[in-house]
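Inspection log for the structure reproduced underneath, given as structure tokens.
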Amino acid sequence: MAGMDKKKIPSVLVIAGNDPSGGAGLAADIQAISATGAHPAPVVTSLTVQDTINAYEIEPVEPFFVRFQAETVLKDLNIKAIKLGLLATAEIGMEVARLLAKIPEIPVVADPVLVAAGGARLAEERLLEVYLHEILPRATVLTPNAEEIRALAPGENSQSARATRLLSTGCQYVLCKGGDEDTPEVENTLYKRDGQHRSWRWERVPGSHHGSGCTLASAIASFLAQGESMERAVKHAQQFTQEAIARGFKPGRGQDVPWRSWPLRAQQD
């Protein structure tokens with residue numbers, strides 16, 4: 001990023017919840033977007049009580065106030081991509097869908113946060129229907145983990161069938177993440193609406209990692225904002241995330257947290 005023209009740094013609108021542990025949520029989004037070369041504009045959807053072990057309480061922001069935050073930023077900043085994280089309620093999901101309908105030219109990375117890493121439910125059941133019928137038709141890429149894609153496409157008996165079903169809603173790409181699967185390697189697969197797909201594999205880093213999904217989705221949005229194609233954005237975001245996980249640390253008593261500032265430290269070194 002040294003020598004980058006500051007007038008050309010693109011902005012990413014992030015609509016997500018706050019994690020006070022700093023491991024996931026808006027903190028992870030801000031760190032990942034900044035480290036990969038874009039400017040984060042965070043819109044708060046909810047306050048949570050959580051740590052690196054689990055989530056305990058969630059207090060959603062009033063839906064109109066979520067939209068008010070986003071519309072104010074959109075009038076001021078030159079937003080080049082949008083990243084969705086925790087939306088928490090169906091009402092917030094509807095306000096976000098109405099907002100996206102007015103700006104179809106901006107790519108949207110939708111990370112369907114439903115359950116905390118520790119198992120606590122973060123989103124109400126009704127949000128699933130809003131996601132399927134209102135948000136996915138307006139999303140450029142969906143980035144579900146194994147549990148999330150099973151919740152969004154129940155009854156399908158394979159990953160490809162689930163991805164195909166979600167693509168039929170109007171979403172252009174589905175990136176199925178394998179970080180939570182019980183396999184020696186992590187495999188992520190990007191499915192496209194034309195029936196093609198591409199997979200990436202790498203060695204699994206031992207342990208569990210708080211905020212890895214937020215990190216990946218935000219990095220994808222950052223690279224899309226900088227003009228990269230979807231495949232290149234996904235590739236580079238995975239490389240960034242994998243390195244952040246490999247350099248991860250344990251700030252608390254629970255999961256490791258990816259070290260998302262490693263590119264900045266590498267420049268100093």
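Each chain in the structure tokens gets a letter, A, B and so on, in the order shown; residues start at 1 in every chain, and ligands are counted from 1 in the order they appear.
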
For Ser34 in chain A, find every residue with an atom within 12 Å (counting only C-alpha atoms), except residues of its own chain fewer than 5 positions away, and show them as JSON, numbers by chain. {"A": [1, 9, 10, 11, 12, 26, 27, 28, 29, 39, 40, 41, 42, 215, 218, 219, 221, 222, 223, 260, 261, 262, 263, 264]}

Can you tell me how far CA of His209 in chain A sits from CA of Asp19 in chain A, in Å to one decimal?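 According to the coordinates, CA of His209 in chain A and CA of Asp19 in chain A are separated by 14.3 Å.
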
Can you pull out every residue within 12 Å of Val14 in chain A, counting only C-alpha atoms, but drop anything in the same chain fewer than 5 positions away, and send it as number ranges by chain? A: 25-33, 38-45, 66-67, 69-70, 73-74, 79-87, 96, 108-111, 214, 217-219, 221-222

Could you list, as a PyMOL selection string, every residue within 6 Å of range 238-247 of chain A, counting only C-alpha atoms and ignoring same-chain residues fewer than 5 positions away? chain A and resi 216+258-260

Take the residues from that selection and write them out as an mmCIF file, in the first residue's frame, keeping all heavy atoms.
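In the end it all went to selection12.cif:
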data_model
loop_
_atom_site.group_PDB
_atom_site.id
_atom_site.type_symbol
_atom_site.label_atom_id
_atom_site.label_comp_id
_atom_site.auth_asym_id
_atom_site.auth_seq_id
_atom_site.Cartn_x
_atom_site.Cartn_y
_atom_site.Cartn_z
ATOM 1 N N LEU A 216 -12.689 -13.114 5.886
ATOM 2 C CA LEU A 216 -12.714 -13.497 4.476
ATOM 3 C C LEU A 216 -13.712 -12.668 3.694
ATOM 4 O O LEU A 216 -13.380 -12.135 2.613
ATOM 5 C CB LEU A 216 -13.049 -14.985 4.357
ATOM 6 C CG LEU A 216 -13.182 -15.530 2.931
ATOM 7 C CD1 LEU A 216 -11.902 -15.319 2.139
ATOM 8 C CD2 LEU A 216 -13.560 -17.011 2.971
ATOM 9 N N PRO A 258 -7.636 -14.372 14.250
ATOM 10 C CA PRO A 258 -6.696 -14.116 13.154
ATOM 11 C C PRO A 258 -5.973 -12.788 13.351
ATOM 12 O O PRO A 258 -6.589 -11.795 13.777
ATOM 13 C CB PRO A 258 -7.617 -14.061 11.914
ATOM 14 C CG PRO A 258 -8.842 -14.823 12.307
ATOM 15 C CD PRO A 258 -9.027 -14.561 13.775
ATOM 16 N N TRP A 259 -4.692 -12.764 13.015
ATOM 17 C CA TRP A 259 -3.905 -11.525 13.108
ATOM 18 C C TRP A 259 -4.029 -10.808 11.773
ATOM 19 O O TRP A 259 -3.276 -11.031 10.842
ATOM 20 C CB TRP A 259 -2.456 -11.832 13.449
ATOM 21 C CG TRP A 259 -1.562 -10.634 13.514
ATOM 22 C CD1 TRP A 259 -0.473 -10.379 12.750
ATOM 23 C CD2 TRP A 259 -1.681 -9.518 14.410
ATOM 24 N NE1 TRP A 259 0.105 -9.183 13.099
ATOM 25 C CE2 TRP A 259 -0.630 -8.635 14.120
ATOM 26 C CE3 TRP A 259 -2.604 -9.186 15.417
ATOM 27 C CZ2 TRP A 259 -0.454 -7.433 14.809
ATOM 28 C CZ3 TRP A 259 -2.425 -7.981 16.101
ATOM 29 C CH2 TRP A 259 -1.357 -7.132 15.794
ATOM 30 N N ARG A 260 -5.024 -9.927 11.680
ATOM 31 C CA ARG A 260 -5.371 -9.308 10.398
ATOM 32 C C ARG A 260 -4.462 -8.153 10.004
ATOM 33 O O ARG A 260 -4.533 -7.670 8.871
ATOM 34 C CB ARG A 260 -6.836 -8.846 10.467
ATOM 35 C CG ARG A 260 -7.817 -10.009 10.484
ATOM 36 C CD ARG A 260 -9.235 -9.565 10.757
ATOM 37 N NE ARG A 260 -9.474 -9.275 12.130
ATOM 38 C CZ ARG A 260 -10.113 -10.084 12.991
ATOM 39 N NH1 ARG A 260 -10.596 -11.243 12.558
ATOM 40 N NH2 ARG A 260 -10.289 -9.736 14.238
#
